[in-house]
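S.K.: There's a structure below that I have some questions on.
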Amino acid sequence: MDVVAGRAGFSLFALTVGLASTVPAWILRRFGIKATYGVGGLLMVLGFGLLGVTHHLHQYFFAAAILGLGFASCATVPAV
């Protein structure tokens with residue numbers, strides 16, 4: 001994979017984290033901290049698993065987006 005695709009994947013990851021920033025607050029209010037970390041952790045595992053088996057650029061972008069959703073649910077919760 002070239003550098004441009006890697007940068008595009010990270011940009012997609014960062015964009016997804018920003019767009020999904022309200023999701024953890026909603027999950028926290030609705031279901032609590034355990035569910036928020038559980039959903040985020042499952043999304044992170046799924047995203048890393050997909051990155052491990054990816055062979056095409058569109059799969060890489062999809063896995064980066066899934067990781068962004070999981071990261072928004074796990075890493076930004078203390079800030080919320």
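Ligands are numbered from 1 in the order shown, chains are lettered A, B, ... in the order of the structure tokens, and residues start at 1 in each chain.
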Neighbouring residues of region 20-31 of chain A were defined as those with any atom within 12 Å, considering only C-alpha atoms; residues of the same chain fewer than 4 positions away were excluded. Please report them as number ranges by chain.

M.R.: A: 12-16, 35-40, 65-80

S.K.: Give me a file of those residues, with N, CA and C atoms, as a CSV table (one decimal), in the first residue's frame.

M.R.:
chain,number,residue,atom,x,y,z
A,12,LEU,N,-9.8,9.2,6.7
A,12,LEU,CA,-11.1,8.6,6.9
A,12,LEU,C,-11.4,8.2,8.3
A,13,PHE,N,-10.4,7.6,9.0
A,13,PHE,CA,-10.5,7.3,10.4
A,13,PHE,C,-10.8,8.5,11.2
A,14,ALA,N,-10.0,9.6,11.0
A,14,ALA,CA,-10.2,10.8,11.8
A,14,ALA,C,-11.6,11.4,11.5
A,15,LEU,N,-12.0,11.4,10.3
A,15,LEU,CA,-13.3,12.0,9.9
A,15,LEU,C,-14.4,11.2,10.6
A,16,THR,N,-14.3,9.9,10.6
A,16,THR,CA,-15.3,9.0,11.2
A,16,THR,C,-15.4,9.3,12.7
A,35,ALA,N,-22.1,-0.6,28.3
A,35,ALA,CA,-22.6,-0.8,26.9
A,35,ALA,C,-21.7,0.0,25.9
A,36,THR,N,-21.4,1.2,26.4
A,36,THR,CA,-20.6,2.1,25.5
A,36,THR,C,-19.2,1.5,25.2
A,37,TYR,N,-18.6,1.1,26.3
A,37,TYR,CA,-17.3,0.4,26.1
A,37,TYR,C,-17.4,-0.9,25.4
A,38,GLY,N,-18.5,-1.6,25.6
A,38,GLY,CA,-18.7,-2.9,24.9
A,38,GLY,C,-18.9,-2.7,23.4
A,39,VAL,N,-19.7,-1.8,23.1
A,39,VAL,CA,-19.9,-1.5,21.6
A,39,VAL,C,-18.6,-1.0,21.0
A,40,GLY,N,-18.0,-0.1,21.7
A,40,GLY,CA,-16.7,0.4,21.1
A,40,GLY,C,-15.6,-0.6,21.0
A,65,ALA,N,-12.9,3.1,8.7
A,65,ALA,CA,-14.1,3.7,9.1
A,65,ALA,C,-14.7,3.0,10.4
A,66,ILE,N,-14.7,1.7,10.4
A,66,ILE,CA,-15.2,0.9,11.5
A,66,ILE,C,-14.3,1.2,12.8
A,67,LEU,N,-13.0,1.3,12.6
A,67,LEU,CA,-12.1,1.7,13.7
A,67,LEU,C,-12.4,3.1,14.2
A,68,GLY,N,-12.8,4.0,13.3
A,68,GLY,CA,-13.1,5.3,13.8
A,68,GLY,C,-14.4,5.3,14.6
A,69,LEU,N,-15.3,4.5,14.3
A,69,LEU,CA,-16.6,4.4,15.1
A,69,LEU,C,-16.2,3.8,16.5
A,70,GLY,N,-15.4,2.8,16.5
A,70,GLY,CA,-15.0,2.1,17.7
A,70,GLY,C,-14.2,3.1,18.6
A,71,PHE,N,-13.3,3.8,18.0
A,71,PHE,CA,-12.4,4.7,18.7
A,71,PHE,C,-13.3,5.8,19.4
A,72,ALA,N,-14.3,6.3,18.6
A,72,ALA,CA,-15.1,7.3,19.2
A,72,ALA,C,-15.9,6.8,20.4
A,73,SER,N,-16.2,5.6,20.4
A,73,SER,CA,-17.0,5.0,21.5
A,73,SER,C,-16.1,4.6,22.7
A,74,CYS,N,-14.8,4.4,22.5
A,74,CYS,CA,-13.9,4.0,23.6
A,74,CYS,C,-13.1,5.2,24.1
A,75,ALA,N,-12.4,5.8,23.2
A,75,ALA,CA,-11.4,6.8,23.7
A,75,ALA,C,-11.9,8.1,24.1
A,76,THR,N,-13.1,8.5,23.5
A,76,THR,CA,-13.6,9.9,23.8
A,76,THR,C,-14.6,9.8,25.0
A,77,VAL,N,-14.9,8.7,25.5
A,77,VAL,CA,-15.9,8.6,26.6
A,77,VAL,C,-15.4,9.3,27.9
A,78,PRO,N,-14.1,9.3,28.3
A,78,PRO,CA,-13.7,10.0,29.5
A,78,PRO,C,-13.9,11.5,29.3
A,79,ALA,N,-13.8,12.0,28.1
A,79,ALA,CA,-14.0,13.5,27.8
A,79,ALA,C,-15.5,13.8,27.9
A,80,VAL,N,-16.3,12.9,27.5
A,80,VAL,CA,-17.8,13.2,27.5
A,80,VAL,C,-18.2,13.3,29.0

S.K.: What does the distance between CA of Phe61 (chain A) and CA of Ala8 (chain A) come to in Å, to one decimal place?

M.R.: 8.1 Å

S.K.: List the neighbours of Gly49 (chain A) out to 12 Å using only C-alpha atoms; skip same-chain residues closer than 6 positions along the sequence, and give me the result as a list in words.

M.R.: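 The contact residues come out as Leu42, Leu43, Gln59, Tyr60, Phe62, Ala63, Ala64, Ile66 and Leu67 of chain A.
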
S.K.: Can you tell me, as a ChimeraX atom specification, which residues in region 8-78 of chain A count as helix (DSSP H, G or I) by DSSP?

M.R.: /A:8-19,23-31,33-53,57-74

S.K.: If I take CA of Leu51 (chain A) and CA of Gly9 (chain A), how far is one from the other in Å, to one decimal?

M.R.: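 Those two atoms sit 11.0 Å apart.
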